[in-house]
Every structure is written in C-alpha cells, then in structure tokens.
$ cat data.txt   # compact mmCIF, C-alpha atoms
# COMPACT_ATOMS: atom_id res chain seq x y z
CA MET A 75 7.14 25.24 -23.25
CA THR A 76 4.70 23.01 -21.39
CA LEU A 77 3.59 20.01 -23.43
CA SER A 78 -0.04 18.92 -23.49
CA LEU A 79 -1.20 16.07 -21.32
CA HIS A 80 -0.90 13.32 -23.88
CA GLN A 81 2.34 14.36 -25.52
CA SER A 82 5.48 12.39 -24.83
CA SER A 83 9.11 13.34 -24.91
CA ALA A 84 11.71 11.37 -26.81
CA GLY A 85 13.93 9.21 -24.63
CA ALA A 86 16.98 7.07 -25.22
CA GLY A 87 16.83 4.99 -28.38
CA GLY A 88 13.92 7.01 -29.76
CA ARG A 89 11.53 5.72 -27.12
CA THR A 90 8.95 8.11 -25.71
CA SER A 91 8.25 8.87 -22.09
CA PRO A 92 5.15 10.41 -20.53
CA VAL A 93 5.52 14.11 -19.83
CA PRO A 94 5.17 15.27 -16.18
CA LEU A 95 2.52 17.80 -15.29
CA GLY A 96 3.39 21.43 -15.88
CA SER A 97 2.21 24.98 -15.47
CA GLY A 98 -0.81 24.51 -17.71
CA SER A 99 -2.37 21.91 -15.43
CA LEU A 100 -5.31 22.36 -13.09
CA LEU A 101 -3.48 20.42 -10.38
CA TRP A 102 -0.70 23.00 -10.36
CA ARG A 103 -3.27 25.77 -9.92
CA LEU A 104 -4.93 23.89 -7.06
CA GLY A 105 -1.65 23.18 -5.30
CA MET A 106 -1.51 21.13 -2.09
CA PRO A 107 -2.69 22.98 1.04
CA ARG A 108 -1.43 21.83 4.40
CA THR A 109 -5.04 21.21 5.43
CA ALA A 110 -4.95 18.18 3.10
CA LEU A 111 -3.08 16.49 5.95
CA LEU A 112 -6.53 15.94 7.47
CA VAL A 113 -7.28 13.22 4.89
CA ALA A 114 -3.82 11.63 4.85
CA GLY A 115 -5.04 8.96 7.26
CA ARG A 116 -7.95 8.17 4.95
CA ALA A 117 -5.61 7.60 2.02
CA LEU A 118 -3.25 5.46 4.11
CA LEU A 119 -6.08 3.31 5.42
CA LEU A 120 -7.53 2.72 1.96
CA GLN A 121 -4.08 1.78 0.68
CA THR A 122 -3.09 -0.55 3.52
CA MET A 123 -6.45 -2.33 3.35
CA HIS A 124 -5.25 -3.64 -0.03
CA PRO A 125 -3.70 -7.05 0.79
CA VAL A 126 -0.52 -6.45 -1.24
CA VAL A 127 0.05 -2.91 0.04
CA GLY A 128 -0.75 -3.91 3.61
CA ALA A 129 1.71 -6.80 3.51
CA GLY A 130 4.43 -4.62 2.02
CA VAL A 131 3.96 -1.94 4.66
CA ARG A 132 3.97 -4.61 7.38
CA ASP A 133 7.28 -6.02 6.17
CA PHE A 134 9.18 -2.96 4.99
CA SER A 135 7.75 0.32 6.32
CA ASP A 136 9.15 2.26 9.25
CA PHE A 137 5.93 4.16 9.96
CA ARG A 138 5.54 2.61 13.42
CA ALA A 139 9.02 3.64 14.59
CA ASP A 140 9.13 6.97 12.75
CA PRO A 141 5.56 8.10 11.91
CA TRP A 142 6.42 11.78 11.45
CA GLY A 143 9.43 11.05 9.27
CA ARG A 144 7.45 8.57 7.18
CA LEU A 145 4.67 11.12 6.73
CA ASP A 146 7.12 13.83 5.70
CA ARG A 147 8.82 11.59 3.14
CA THR A 148 5.48 10.49 1.69
CA LEU A 149 4.22 14.07 1.34
CA THR A 150 7.51 15.17 -0.22
CA SER A 151 7.36 12.34 -2.76
CA LEU A 152 3.77 13.17 -3.71
CA GLN A 153 4.66 16.84 -4.18
CA VAL A 154 7.53 15.92 -6.50
CA GLN A 155 5.28 13.57 -8.48
CA LEU A 156 2.73 16.32 -9.06
CA PHE A 157 4.71 19.57 -8.98
CA GLY A 158 8.31 18.60 -9.63
CA ASP A 159 8.19 19.03 -13.43
CA GLN A 160 11.15 17.04 -14.80
CA ALA A 161 12.10 15.89 -11.29
CA ALA A 162 8.86 13.85 -11.32
CA ALA A 163 10.39 11.38 -13.78
CA ALA A 164 13.42 10.85 -11.55
CA GLU A 165 11.14 10.37 -8.53
CA ALA A 166 9.12 7.80 -10.47
CA ARG A 167 12.28 5.85 -11.30
CA ARG A 168 13.39 6.01 -7.66
CA LEU A 169 10.06 4.67 -6.45
CA ARG A 170 10.03 1.78 -8.89
CA VAL A 171 13.59 0.78 -7.94
CA LEU A 172 12.63 0.99 -4.27
CA HIS A 173 9.46 -1.06 -4.73
CA LYS A 174 11.24 -3.70 -6.80
CA GLU A 175 12.80 -5.00 -3.57
CA ILE A 176 9.50 -5.06 -1.66
CA ARG A 177 8.28 -8.63 -1.94
CA GLY A 178 7.46 -11.44 0.43
CA ILE A 179 4.65 -13.59 1.80
CA GLY A 180 1.27 -11.93 2.15
CA PHE A 181 -1.47 -12.26 4.74
CA ASP A 182 -2.92 -15.25 2.89
CA GLY A 183 0.39 -17.11 2.63
CA ALA A 184 0.84 -16.34 -1.08
CA ARG A 185 3.80 -14.42 -2.47
CA TYR A 186 3.37 -10.71 -3.16
CA SER A 187 5.28 -7.98 -4.98
CA ALA A 188 4.86 -4.25 -4.41
CA LEU A 189 5.08 -3.79 -8.18
CA ASP A 190 1.95 -5.86 -8.67
CA PRO A 191 0.27 -3.61 -11.27
CA ASP A 192 -3.16 -3.61 -9.64
CA ALA A 193 -1.75 -2.75 -6.21
CA TYR A 194 0.60 -0.10 -7.61
CA ALA A 195 -2.31 1.51 -9.47
CA TRP A 196 -4.52 1.39 -6.37
CA VAL A 197 -2.07 3.50 -4.37
CA HIS A 198 -2.09 6.18 -7.07
CA LEU A 199 -5.84 6.10 -7.70
CA SER A 200 -6.86 6.01 -4.04
CA ASN A 201 -4.86 9.23 -3.66
CA PHE A 202 -7.02 10.77 -6.38
CA ASP A 203 -10.20 9.62 -4.65
CA THR A 204 -8.85 11.23 -1.48
CA LEU A 205 -8.12 14.44 -3.40
CA LEU A 206 -11.78 14.63 -4.41
CA CYS A 207 -12.78 13.84 -0.84
CA PHE A 208 -10.59 16.65 0.51
CA HIS A 209 -12.13 19.20 -1.82
CA ARG A 210 -15.62 17.97 -1.01
CA TRP A 211 -15.12 18.32 2.74
CA PHE A 212 -12.34 20.78 3.50
CA GLY A 213 -11.59 22.74 0.31
CA ARG A 214 -13.50 24.18 -2.59
CA PRO A 215 -15.66 21.45 -4.17
CA LEU A 216 -14.53 20.87 -7.74
CA ARG A 217 -17.00 21.38 -10.57
CA GLY A 218 -17.72 18.48 -12.88
CA ASP A 219 -15.40 19.77 -15.61
CA GLU A 220 -12.65 20.34 -13.04
CA GLN A 221 -13.03 16.79 -11.75
CA ARG A 222 -12.71 15.45 -15.28
CA GLN A 223 -9.62 17.55 -15.96
CA ALA A 224 -8.04 16.68 -12.62
CA TYR A 225 -8.52 12.97 -13.29
CA ALA A 226 -7.03 13.23 -16.79
CA GLU A 227 -4.00 14.92 -15.24
CA TRP A 228 -3.82 12.32 -12.47
CA LYS A 229 -3.71 9.62 -15.12
CA GLN A 230 -0.85 11.47 -16.79
CA ALA A 231 1.03 11.57 -13.48
CA GLY A 232 0.29 7.84 -13.17
CA ARG A 233 1.86 7.17 -16.57
CA VAL A 234 5.01 8.95 -15.41
CA LEU A 235 5.00 6.67 -12.35
CA GLY A 236 4.79 3.65 -14.63
CA VAL A 237 1.11 2.83 -14.14
CA ASP A 238 -0.23 1.42 -17.41
CA ASP A 239 -3.46 2.82 -18.85
CA ARG A 240 -4.95 -0.69 -18.61
CA HIS A 241 -4.90 -0.35 -14.83
CA MET A 242 -6.45 3.12 -14.69
CA PRO A 243 -10.18 3.70 -15.35
CA GLU A 244 -10.95 5.69 -18.47
CA ASP A 245 -12.58 8.71 -16.83
CA VAL A 246 -13.62 10.11 -13.47
CA THR A 247 -17.00 8.36 -13.56
CA ALA A 248 -15.32 5.02 -14.17
CA CYS A 249 -12.82 5.84 -11.42
CA ARG A 250 -15.62 6.27 -8.90
CA ALA A 251 -17.04 2.89 -9.90
CA TYR A 252 -13.56 1.36 -9.66
CA VAL A 253 -13.11 2.68 -6.11
CA ARG A 254 -16.49 1.28 -5.06
CA SER A 255 -15.56 -2.09 -6.56
CA MET A 256 -12.15 -2.13 -4.87
CA VAL A 257 -13.66 -1.32 -1.48
CA ALA A 258 -16.32 -4.00 -1.89
CA ASP A 259 -14.28 -6.81 -3.42
CA THR A 260 -10.56 -6.33 -2.72
CA LEU A 261 -9.92 -4.29 0.43
CA SER A 262 -9.99 -6.05 3.76
CA ASP A 263 -9.30 -5.63 7.45
CA ASN A 264 -5.72 -6.66 8.24
CA GLU A 265 -3.04 -6.14 10.85
CA THR A 266 -1.40 -3.24 9.00
CA ALA A 267 -4.66 -1.32 8.72
CA ARG A 268 -5.11 -1.91 12.46
CA ASP A 269 -1.63 -0.49 13.10
CA VAL A 270 -2.55 2.56 11.02
CA LEU A 271 -5.70 3.04 13.08
CA GLY A 272 -3.58 2.84 16.23
CA SER A 273 -1.21 5.50 14.92
CA LEU A 274 -4.16 7.74 14.05
CA ARG A 275 -5.29 7.40 17.66
CA LEU A 276 -1.78 8.68 18.44
CA ASP A 277 -1.17 5.62 20.62
CA GLY A 278 2.48 5.77 21.64
CA VAL A 279 3.24 8.46 19.05
CA ALA A 280 5.87 10.92 20.25
CA ALA A 281 5.64 14.66 19.73
CA PRO A 282 6.40 15.91 16.23
CA PRO A 283 10.09 16.81 15.81
CA TRP A 284 9.27 20.47 15.27
CA LYS A 285 10.98 23.43 16.85
CA LEU A 286 9.12 25.02 19.72
CA PHE A 287 6.90 21.96 20.17
CA PRO A 288 7.76 20.52 23.61
CA GLU A 289 6.52 17.16 24.84
CA ALA A 290 4.33 18.87 27.47
CA LEU A 291 2.45 20.75 24.76
CA TRP A 292 2.03 17.52 22.79
CA ARG A 293 0.54 15.75 25.80
CA ALA A 294 -1.93 18.62 26.24
CA LEU A 295 -2.95 18.66 22.58
CA ARG A 296 -3.00 14.92 21.94
CA PRO A 297 -6.63 14.32 23.06
CA ALA A 298 -7.91 17.02 20.69
CA GLY A 299 -5.66 15.73 17.92
CA ARG A 300 -6.95 12.20 18.45
CA LEU A 301 -10.56 13.35 18.06
CA LEU A 302 -9.74 15.47 15.02
CA LEU A 303 -7.93 12.62 13.25
CA HIS A 304 -10.72 10.19 14.12
CA ASP A 305 -13.38 12.42 12.62
CA ALA A 306 -11.41 13.43 9.52
CA THR A 307 -10.37 9.84 8.80
CA VAL A 308 -13.29 7.66 9.83
CA GLY A 309 -15.91 10.16 8.69
CA THR A 310 -14.52 10.51 5.18
CA LEU A 311 -13.94 6.80 4.53
CA PRO A 312 -16.41 5.07 2.21
CA GLY A 313 -19.14 3.51 4.34
CA PRO A 314 -18.34 -0.08 3.29
CA ALA A 315 -14.68 0.44 4.26
CA ARG A 316 -15.77 1.62 7.71
CA GLU A 317 -17.93 -1.45 8.04
CA LYS A 318 -15.09 -3.80 7.11
CA LEU A 319 -12.95 -2.22 9.82
CA GLY A 320 -15.80 -2.31 12.35
CA LEU A 321 -15.68 1.46 12.86
CA SER A 322 -18.77 3.14 14.22
CA TRP A 323 -19.99 6.47 12.84
CA SER A 324 -23.02 8.21 14.28
CA THR A 325 -25.12 11.19 13.33
CA ALA A 326 -23.44 13.14 16.13
CA ASP A 327 -20.03 12.20 14.71
CA ARG A 328 -21.06 13.47 11.29
CA ARG A 329 -22.28 16.76 12.70
CA ARG A 330 -18.96 17.21 14.48
CA LEU A 331 -17.12 16.56 11.20
CA GLN A 332 -19.32 19.08 9.40
CA GLY A 333 -18.43 21.65 12.06
CA LEU A 334 -14.74 20.87 11.64
CA ALA A 335 -15.06 21.27 7.87
CA LEU A 336 -16.66 24.70 8.27
CA VAL A 337 -13.87 25.84 10.56
CA VAL A 338 -11.14 24.54 8.24
CA ARG A 339 -12.63 26.14 5.12
CA ALA A 340 -13.15 29.47 6.86
CA GLY A 341 -9.72 29.43 8.43
CA ALA A 342 -7.98 28.58 5.16
CA VAL A 343 -9.38 31.70 3.50
CA ALA A 344 -7.54 33.87 6.03
CA VAL A 345 -4.15 32.16 5.59
CA PRO A 346 -1.81 33.44 2.84
CA ASP A 347 -1.05 30.84 0.18
CA ARG A 348 2.67 30.98 0.95
CA LEU A 349 1.83 29.59 4.39
CA LEU A 350 -1.18 27.46 3.50
CA GLN A 351 0.52 25.60 0.67
CA TYR A 352 3.39 23.14 0.95
CA PRO A 353 6.53 24.80 -0.49
CA LEU A 354 6.86 22.92 -3.80
CA ALA A 355 3.11 23.16 -4.38
CA TYR A 356 3.20 26.90 -3.67
CA ARG A 357 5.96 27.48 -6.22
CA ALA A 358 4.05 25.46 -8.81
CA GLN A 359 0.86 27.36 -8.06
CA ARG A 360 2.64 30.71 -8.53
CA VAL A 361 4.06 29.60 -11.87
CA ALA A 362 0.66 28.31 -13.03
CA LEU A 363 -1.16 31.49 -12.03
CA ALA A 364 1.48 33.67 -13.69
CA ARG A 365 1.05 31.69 -16.90
CA ARG A 366 -2.70 32.30 -16.81
CA VAL A 367 -2.15 36.05 -16.35
CA VAL A 368 0.19 36.18 -19.34
CA ALA A 369 -2.23 34.16 -21.46
CA SER A 370 -5.24 36.33 -20.59
$ encode --input "data.txt" --output "structure tokens"
Amino acid sequence: MTLSLHQSSAGAGGRTSPVPLGSGSLLWRLGMPRTALLVAGRALLLQTMHPVVGAGVRDFSDFRADPWGRLDRTLTSLQVQLFGDQAAAAEARRLRVLHKEIRGIGFDGARYSALDPDAYAWVHLSNFDTLLCFHRWFGRPLRGDEQRQAYAEWKQAGRVLGVDDRHMPEDVTACRAYVRSMVADTLSDNETARDVLGSLRLDGVAAPPWKLFPEALWRALRPAGRLLLHDATVGTLPGPAREKLGLSWSTADRRRLQGLALVVRAGAVAVPDRLLQYPLAYRAQRVALARRVVAS
C-alpha cells in the first residue's frame, strides 16, 4: 500500500521517518524523460553559484576530469530519490554520509560545510525550479494544481533527504519567491560556476563513453552540441542569474531557443516512453499508470 504524502513510517526506537514517493504521486506519472538533460546545465549552474555548493564542488567534485561519469551518477541518484521507493531512504542516508566529509574553506575565506542546511535545501529546491522550467520549455506545461501537487511531493522527497521543513518554502508560490530571493541575494559568480560554463561549452570534454560513438563523430557534432547547450542553459536561467555571470542573451537567441523547444516537444511525442524515459523513471511511470487504471 502506498502511504499518503504526509504519513511517516515507524523506525527504530519508535521514531518516524518520512515516506518516499510512491505510485500515487504525480511525479511518478510524469517520470523523467531524457530530454530533461537539456536543463541539467541550468540546475548545475544555479547550484554552483551558491557559495557553499560552489566551494564544495571546487574542492571535492570530479566533474572536470570525468564529466560524463559525474553526470550519470547525478542522474542516477536523482532517479533513486524520486522513483526508488524504499531505496530512496538508503540513497538519502548515503548522500548525507558523503556530504558530511565535504567541508573546507570557502571563496570568502570562511569555513563551509556541505551539510549547511540552507545550501543543502537549495540544491533540492533549485532542482524543482528546473523541473518547472523543463516543463515550461520542453515538456507539457503543468497546470496550477499540478504545480502545487508536484511541489508538495518534492517537499516530501526533501524530507526523506533530510531537508527540514523550516528550509523549504510552504507552497509553490512561496518557492518561486524563494528562488528569486536566492538569485538576487545569495548566488554569485565564482570560479566553479565558470568551470561549469566551460564544460557546457564542451571545452576539452572528450566524447561520451558510449558504444558506437567514435571520437570523429564527437568532433563533428561538438559545435552543434555547444550551441544547443548554450541556448538550453543560458536561455532558461533567471535573467538576474545571467546578468551576474555576464552572459548575453538576445532576441535572436530567444527565437532560436523557441525553435529548439518546438522541435524537442514534437520529437518527444513520436518516441515511445520506454525509450524516452530513463529506466527507473519508466518503471515507476508504468506502475503509477497501472494503479490509475485499476482505481478508475
């Protein structure tokens, strides 16, 4: 049986733990299409512009040496958090143990910890803002009631991760205001964000380690990939974040992004879900849809 969003399960010593998302959730029905990769750079930039996150990535991440592996591990973790059912709790524990060791001296010379509650919450909540952005540009725009439900579920996933309610806005309207405030008052240009921008330009990035993807093909496709990542990342960033990074964005750029969005949305309709969706998301989506059929 799938518990409701705000139920908790009994843990050791009678303590309660937040329940991971299950088949009754909207997020399981939406899944995670591979086209969401288009906004991965947006999420990463917003996160690394946070001084604590940026310093932690600078000191401990291997994304420069292994960008494809880092991307794969990040996407896998996010899928488990959202679609892993009981495995989500184990993934949350793993992440907190991992982040406990991420500490050092930040860009301003002060000490930082990756488990700083505001920074930890920002990573989770900026992913939600990017989810809304993806659906606005490249997917099916979510109705107001769907946005409210998706945010309530995202908060539940945050509780499983160990993000306290005090650090998550009450509802989706408050979350939008929170994101605007974070961009205006907390995020900043820093060396890690600059490294991320370099990786999105594919500077020095080797071909993906995929079968049947030779280096010669990568060299031929890299210019188009660079333009695509530029448009999908820079064009979907909040305007004030673009300004802080000194990134230009013209009317012609926006028109090109709109054309890309039309192509992506039209193309996605023709792709079967078993190919369009990441594997764990596809399995969750099938379970969620089957539950709806039984309930109807």
$ residues_near_point --input "data.txt" --point "(2.0, 6.5, 7.2)" --cutoff "10 Å" --atoms "all atoms listed in the file" --output "list in words"
Ala114, Gly115, Ala117, Leu118, Leu119, Thr122, Val131, Ser135, Asp136, Phe137, Arg138, Asp140, Pro141, Trp142, Gly143, Arg144, Leu145, Asp146, Arg147, Thr148, Leu149, Asp269, Val270, Ser273 and Leu274 of chain A
$ residues_around --input "data.txt" --residues "range 275-279 of chain A" --least-positions-apart "3" --cutoff "7 Å" --atoms "all atoms listed in the file" --output "PyMOL selection string"
chain A and resi 271-272+300
$ residues_around --input "data.txt" --residues "Val343 in chain A" --least-positions-apart "4" --cutoff "12 Å" --atoms "all atoms listed in the file" --output "number ranges by chain"
A: 107, 109, 212-214, 336-339, 347, 349-351
$ residues_around --input "data.txt" --residues "Arg328 in chain A" --least-positions-apart "5" --cutoff "8 Å" --atoms "all atoms listed in the file" --output "list of chain:residue names"
A:Asp305, A:Gly309, A:Trp323
$ closest_residue --input "data.txt" --among "A:Asp133, A:Glu227, A:Asp327, A:Glu244" --to "Val93 in chain A" --atoms "all atoms listed in the file"
A:Glu227
$ residues_near_point --input "data.txt" --point "(-15.3, 0.2, 5.8)" --cutoff "10 Å" --atoms "all atoms listed in the file" --output "list in words"
Leu119, Leu120, Met123, Val257, Ala258, Leu261, Ser262, Asp263, Val308, Leu311, Pro312, Gly313, Pro314, Ala315, Arg316, Glu317, Lys318, Leu319, Gly320, Leu321 and Ser322 of chain A
$ residues_around --input "data.txt" --residues "Leu112 in chain A" --least-positions-apart "4" --cutoff "9 Å" --atoms "all atoms listed in the file" --output "VMD selection string"
chain A and resid 108 116 208 212 302 to 303 306 to 307
$ closest_residue --input "data.txt" --among "A:Ala344, A:Val237, A:Val361, A:Ala267" --to "Ala195 in chain A" --atoms "all atoms listed in the file"
A:Val237
$ closest_residue --input "data.txt" --among "A:Ser97, A:Thr325, A:Asn264, A:Gln359" --to "Gly180 in chain A" --atoms "all atoms listed in the file"
A:Asn264
$ atom_distance --input "data.txt" --atom1 "CA of Leu100 in chain A" --atom2 "CA of Gln221 in chain A"
9.6 Å
$ atom_distance --input "data.txt" --atom1 "CA of Pro125 in chain A" --atom2 "CA of Arg250 in chain A"
20.3 Å
$ atom_distance --input "data.txt" --atom1 "CA of Ser99 in chain A" --atom2 "CA of Ala163 in chain A"
16.6 Å
$ closest_residue --input "data.txt" --among "A:Gln121, A:Leu156, A:Arg296, A:Arg330" --to "Ala224 in chain A" --atoms "only C-alpha atoms"
A:Leu156
$ closest_residue --input "data.txt" --among "A:Val197, A:Asp190, A:Gly236, A:Arg185" --to "Arg168 in chain A" --atoms "only C-alpha atoms"
A:Gly236
$ decode --input "data.txt" --residues "range 267-302 of chain A" --atoms "C-alpha atoms" --output "short mmCIF file (atom, residue, chain, number, x, y, z; two decimals), in the first residue's frame"
data_model
loop_
_atom_site.label_atom_id
_atom_site.label_comp_id
_atom_site.auth_asym_id
_atom_site.auth_seq_id
_atom_site.Cartn_x
_atom_site.Cartn_y
_atom_site.Cartn_z
CA ALA A 267 30.36 28.33 -11.98
CA ARG A 268 32.92 29.45 -14.56
CA ASP A 269 34.23 25.87 -14.80
CA VAL A 270 30.68 24.65 -15.32
CA LEU A 271 30.19 27.16 -18.12
CA GLY A 272 33.41 25.91 -19.70
CA SER A 273 32.20 22.31 -19.55
CA LEU A 274 28.88 23.34 -21.13
CA ARG A 275 30.89 24.85 -23.97
CA LEU A 276 32.40 21.35 -24.22
CA ASP A 277 35.88 22.85 -23.86
CA GLY A 278 38.25 19.91 -23.59
CA VAL A 279 35.39 17.47 -22.99
CA ALA A 280 36.06 14.05 -24.52
CA ALA A 281 33.46 12.05 -26.40
CA PRO A 282 30.82 10.32 -24.28
CA PRO A 283 31.85 6.76 -23.35
CA TRP A 284 29.00 5.28 -25.35
CA LYS A 285 29.17 2.37 -27.74
CA LEU A 286 29.23 3.29 -31.40
CA PHE A 287 30.18 6.91 -30.62
CA PRO A 288 33.68 7.41 -32.08
CA GLU A 289 35.81 10.47 -31.42
CA ALA A 290 35.47 11.57 -35.06
CA LEU A 291 31.69 11.72 -34.73
CA TRP A 292 32.04 13.69 -31.49
CA ARG A 293 34.30 16.25 -33.17
CA ALA A 294 31.73 16.66 -35.94
CA LEU A 295 28.80 17.07 -33.54
CA ARG A 296 30.51 19.17 -30.89
CA PRO A 297 29.80 22.60 -32.49
CA ALA A 298 26.07 21.83 -32.70
CA GLY A 299 26.10 20.43 -29.17
CA ARG A 300 27.84 23.55 -27.90
CA LEU A 301 25.15 25.79 -29.40
CA LEU A 302 22.34 23.57 -28.12
#
